[in-house]
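Novice: Have a look at this one before I ask anything.
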Amino acid sequence: MQAHTPSFRFTLRVYWEDTDAGGVVFYTNYLKYFERARTEYLRHLGVAQQVMREATGAIFVVADTQVRYLQPARLDDEIEVTVDLRRSGGASIDFVQQALRAGTLLAEGSIRVGCVDAGTFRPRRIPTPVLERLPAIAA
């Protein structure tokens with residue numbers, strides 16, 4: 001993935017619970033960090049996911065992920081997680097995310113979230129008010 005100026009940045013601290021026996025962030029925790037950043041990104045855009053569920057019955061679920069690990073993060077590191085919207089469609093959104101420590105790229109990934117009905121988990125269209133809040137994607 002190429003370097004870019006992210007549309008959203010979220011900062012977090014690495015805690016003991018995030019690390020393995022060697023004091024290095026356990027690889028699956030990057031997915032948690034990416035999830036937190038996406039949630040805060042949507043909140044920043046005015047999309048509260050619990051409100052969306054209550055108002056429309058729609059929820060987002062992760063449909064696909066791809067993560068590349070480059071450098072380890074360690075206990076007490078301050079990590080910046082970026083979120084960029086790559087594509088939004090009728091029923092899914094593709095994000096590109098990075099985890100950085102002081103500008104050093106630690107991990108990067110692409111995540112697709114799908115919109116489903118909260119009761120049946122069947123795919124459904126993203127509610128129009130949510131789509132209207134997403135930024136336009138430059139071609």
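Identifiers in the structure tokens: chain A, B, ... in order shown; residue index from 1 per chain; ligand index from 1 in order shown.
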Write out as JSON lines a residue-level contact list of stretch 26-68 of chain A versus stretch 75-80 of chain A with cut-off 12 Å: for each qualifying residue the closest pair of atoms and the distance in Å to one decimal, counting only C-alpha atoms, rows sorted by chain and residue number upward.

Specialist:
```
{"residue": "A:Phe26", "atom": "CA", "partner": "A:Leu75", "partner_atom": "CA", "distance": 10.7}
{"residue": "A:Tyr30", "atom": "CA", "partner": "A:Ile79", "partner_atom": "CA", "distance": 10.3}
{"residue": "A:Tyr33", "atom": "CA", "partner": "A:Ile79", "partner_atom": "CA", "distance": 9.1}
{"residue": "A:Phe34", "atom": "CA", "partner": "A:Glu80", "partner_atom": "CA", "distance": 10.1}
{"residue": "A:Arg36", "atom": "CA", "partner": "A:Glu80", "partner_atom": "CA", "distance": 11.4}
{"residue": "A:Ala37", "atom": "CA", "partner": "A:Glu80", "partner_atom": "CA", "distance": 9.2}
```

Novice: Can you tell me, as a PDB file with C-alpha atoms, in the first residue's frame, what residues are no more than 12 Å from A:Val51 when counting only C-alpha atoms, ignoring any on the same chain fewer than 5 positions away?

Specialist:
```
ATOM      1  CA  LEU A  42     -17.860   6.701  12.124  1.00  0.00           C
ATOM      2  CA  ARG A  43     -18.685   8.512  15.376  1.00  0.00           C
ATOM      3  CA  GLY A  46     -21.987  11.461  13.167  1.00  0.00           C
ATOM      4  CA  THR A  56     -32.881   1.125  11.321  1.00  0.00           C
ATOM      5  CA  GLY A  57     -32.163  -2.428  12.489  1.00  0.00           C
ATOM      6  CA  ALA A  58     -28.879  -2.333  10.559  1.00  0.00           C
ATOM      7  CA  ILE A  59     -25.438  -3.216  11.907  1.00  0.00           C
ATOM      8  CA  PRO A 127     -29.136   3.220   5.542  1.00  0.00           C
ATOM      9  CA  PRO A 129     -28.519   8.746   6.279  1.00  0.00           C
ATOM     10  CA  VAL A 130     -25.276   6.827   6.919  1.00  0.00           C
TER      11      VAL A 130
END
```

Novice: Do a neighbour search on A:Asp94 at 7 Å with only C-alpha atoms, toss out local chain neighbours closer than 4 positions, and write the hits as number ranges by chain.

Specialist: A: 85-88, 111-113

Novice: Per DSSP on the backbone, filter chain A down to the residues in helix (DSSP H, G or I) and report them as a ChimeraX atom specification.

Specialist: /A:16-18,29-44,49-56,128-133

Novice: Considering only C-alpha atoms, can you say which of A:Arg38, A:Val14, A:Ala21, A:Arg53 comes closest to A:Gly119?

Specialist: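 Distance minimum relative to A:Gly119 lands on A:Arg53.
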
Novice: Do you have the atom CA of A:Glu108-atom CA of A:Arg68 distance handy?

Specialist: 5.4 Å

Novice: Assign secondary structure with DSSP using the backbone only, and return the residues of stretch 20-96 of chain A in strand (DSSP E) as a ChimeraX atom specification.

Specialist: /A:58-69,78-88,92-96

Novice: The selected residues should be written to file as a PDB file, in the first residue's frame (atoms: N, CA and C atoms).

Specialist:
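Wrote it out as selection.pdb, contents follow:
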```pdb
ATOM      1  N   ALA A  58     -30.086  -1.987  11.313  1.00  0.00           N
ATOM      2  CA  ALA A  58     -28.879  -2.333  10.559  1.00  0.00           C
ATOM      3  C   ALA A  58     -27.656  -2.295  11.466  1.00  0.00           C
ATOM      4  N   ILE A  59     -26.731  -3.217  11.218  1.00  0.00           N
ATOM      5  CA  ILE A  59     -25.438  -3.216  11.907  1.00  0.00           C
ATOM      6  C   ILE A  59     -24.346  -3.515  10.883  1.00  0.00           C
ATOM      7  N   PHE A  60     -23.120  -3.139  11.228  1.00  0.00           N
ATOM      8  CA  PHE A  60     -21.972  -3.466  10.400  1.00  0.00           C
ATOM      9  C   PHE A  60     -21.269  -4.697  10.969  1.00  0.00           C
ATOM     10  N   VAL A  61     -20.833  -5.568  10.082  1.00  0.00           N
ATOM     11  CA  VAL A  61     -20.034  -6.739  10.462  1.00  0.00           C
ATOM     12  C   VAL A  61     -18.813  -6.784   9.557  1.00  0.00           C
ATOM     13  N   VAL A  62     -17.716  -7.281  10.094  1.00  0.00           N
ATOM     14  CA  VAL A  62     -16.515  -7.423   9.283  1.00  0.00           C
ATOM     15  C   VAL A  62     -16.708  -8.610   8.346  1.00  0.00           C
ATOM     16  N   ALA A  63     -16.533  -8.365   7.061  1.00  0.00           N
ATOM     17  CA  ALA A  63     -16.702  -9.407   6.046  1.00  0.00           C
ATOM     18  C   ALA A  63     -15.367  -9.937   5.545  1.00  0.00           C
ATOM     19  N   ASP A  64     -14.329  -9.102   5.552  1.00  0.00           N
ATOM     20  CA  ASP A  64     -13.042  -9.527   5.016  1.00  0.00           C
ATOM     21  C   ASP A  64     -11.946  -8.655   5.601  1.00  0.00           C
ATOM     22  N   THR A  65     -10.810  -9.265   5.900  1.00  0.00           N
ATOM     23  CA  THR A  65      -9.643  -8.510   6.374  1.00  0.00           C
ATOM     24  C   THR A  65      -8.389  -9.045   5.712  1.00  0.00           C
ATOM     25  N   GLN A  66      -7.444  -8.148   5.567  1.00  0.00           N
ATOM     26  CA  GLN A  66      -6.101  -8.525   5.132  1.00  0.00           C
ATOM     27  C   GLN A  66      -5.153  -7.597   5.883  1.00  0.00           C
ATOM     28  N   VAL A  67      -4.246  -8.175   6.646  1.00  0.00           N
ATOM     29  CA  VAL A  67      -3.322  -7.384   7.454  1.00  0.00           C
ATOM     30  C   VAL A  67      -1.901  -7.826   7.161  1.00  0.00           C
ATOM     31  N   ARG A  68      -1.031  -6.838   7.046  1.00  0.00           N
ATOM     32  CA  ARG A  68       0.401  -7.080   6.845  1.00  0.00           C
ATOM     33  C   ARG A  68       1.133  -6.484   8.040  1.00  0.00           C
ATOM     34  N   TYR A  69       1.957  -7.298   8.693  1.00  0.00           N
ATOM     35  CA  TYR A  69       2.687  -6.896   9.894  1.00  0.00           C
ATOM     36  C   TYR A  69       4.131  -6.603   9.519  1.00  0.00           C
ATOM     37  N   GLU A  78       2.830   4.360  22.303  1.00  0.00           N
ATOM     38  CA  GLU A  78       1.673   5.123  21.844  1.00  0.00           C
ATOM     39  C   GLU A  78       1.538   4.841  20.349  1.00  0.00           C
ATOM     40  N   ILE A  79       0.380   4.367  19.959  1.00  0.00           N
ATOM     41  CA  ILE A  79       0.124   3.959  18.585  1.00  0.00           C
ATOM     42  C   ILE A  79      -0.910   4.891  17.965  1.00  0.00           C
ATOM     43  N   GLU A  80      -0.659   5.264  16.738  1.00  0.00           N
ATOM     44  CA  GLU A  80      -1.629   6.035  15.972  1.00  0.00           C
ATOM     45  C   GLU A  80      -2.213   5.109  14.907  1.00  0.00           C
ATOM     46  N   VAL A  81      -3.531   4.996  14.887  1.00  0.00           N
ATOM     47  CA  VAL A  81      -4.215   4.153  13.909  1.00  0.00           C
ATOM     48  C   VAL A  81      -4.975   5.067  12.958  1.00  0.00           C
ATOM     49  N   THR A  82      -4.736   4.881  11.672  1.00  0.00           N
ATOM     50  CA  THR A  82      -5.387   5.720  10.671  1.00  0.00           C
ATOM     51  C   THR A  82      -6.524   4.957   9.998  1.00  0.00           C
ATOM     52  N   VAL A  83      -7.468   5.730   9.492  1.00  0.00           N
ATOM     53  CA  VAL A  83      -8.616   5.164   8.787  1.00  0.00           C
ATOM     54  C   VAL A  83      -8.818   5.962   7.511  1.00  0.00           C
ATOM     55  N   ASP A  84      -8.884   5.249   6.400  1.00  0.00           N
ATOM     56  CA  ASP A  84      -9.212   5.865   5.121  1.00  0.00           C
ATOM     57  C   ASP A  84     -10.313   5.056   4.471  1.00  0.00           C
ATOM     58  N   LEU A  85     -11.257   5.754   3.932  1.00  0.00           N
ATOM     59  CA  LEU A  85     -12.340   5.123   3.192  1.00  0.00           C
ATOM     60  C   LEU A  85     -11.860   4.886   1.773  1.00  0.00           C
ATOM     61  N   ARG A  86     -11.852   3.635   1.336  1.00  0.00           N
ATOM     62  CA  ARG A  86     -11.419   3.305  -0.014  1.00  0.00           C
ATOM     63  C   ARG A  86     -12.606   3.281  -0.971  1.00  0.00           C
ATOM     64  N   ARG A  87     -13.726   2.661  -0.514  1.00  0.00           N
ATOM     65  CA  ARG A  87     -14.890   2.506  -1.369  1.00  0.00           C
ATOM     66  C   ARG A  87     -16.117   2.304  -0.499  1.00  0.00           C
ATOM     67  N   SER A  88     -17.221   2.881  -0.912  1.00  0.00           N
ATOM     68  CA  SER A  88     -18.491   2.585  -0.258  1.00  0.00           C
ATOM     69  C   SER A  88     -19.488   2.190  -1.336  1.00  0.00           C
ATOM     70  N   SER A  92     -21.752  -2.374   1.518  1.00  0.00           N
ATOM     71  CA  SER A  92     -20.448  -2.583   2.147  1.00  0.00           C
ATOM     72  C   SER A  92     -19.573  -1.340   2.029  1.00  0.00           C
ATOM     73  N   ILE A  93     -18.574  -1.296   2.903  1.00  0.00           N
ATOM     74  CA  ILE A  93     -17.593  -0.213   2.921  1.00  0.00           C
ATOM     75  C   ILE A  93     -16.215  -0.846   3.034  1.00  0.00           C
ATOM     76  N   ASP A  94     -15.271  -0.384   2.214  1.00  0.00           N
ATOM     77  CA  ASP A  94     -13.885  -0.843   2.267  1.00  0.00           C
ATOM     78  C   ASP A  94     -13.019   0.246   2.886  1.00  0.00           C
ATOM     79  N   PHE A  95     -12.231  -0.151   3.870  1.00  0.00           N
ATOM     80  CA  PHE A  95     -11.329   0.757   4.557  1.00  0.00           C
ATOM     81  C   PHE A  95      -9.886   0.309   4.359  1.00  0.00           C
ATOM     82  N   VAL A  96      -8.973   1.275   4.386  1.00  0.00           N
ATOM     83  CA  VAL A  96      -7.534   1.023   4.460  1.00  0.00           C
ATOM     84  C   VAL A  96      -7.091   1.609   5.788  1.00  0.00           C
TER      85      VAL A  96
END
```

Novice: Calculate how many Å separate atom CA of A:Ala91 from atom CA of A:Thr28, rounding to one decimal.

Specialist: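 Atom CA of A:Thr28 lies at a distance of 25.8 Å from atom CA of A:Ala91.
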
Novice: Taking only C-alpha atoms into account, which of A:Leu134, A:Met52, A:Ala73, A:Ala102 comes nearest A:Val116?

Specialist: A:Met52

Novice: Rank nothing, just name the residue among A:Ala55, A:Gly89, A:Arg124, A:Asp117 nearest to A:Ala136, using only C-alpha atoms.

Specialist: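 Of A:Ala55, A:Gly89, A:Arg124, A:Asp117, the one nearest A:Ala136 is A:Gly89, counting only C-alpha atoms.
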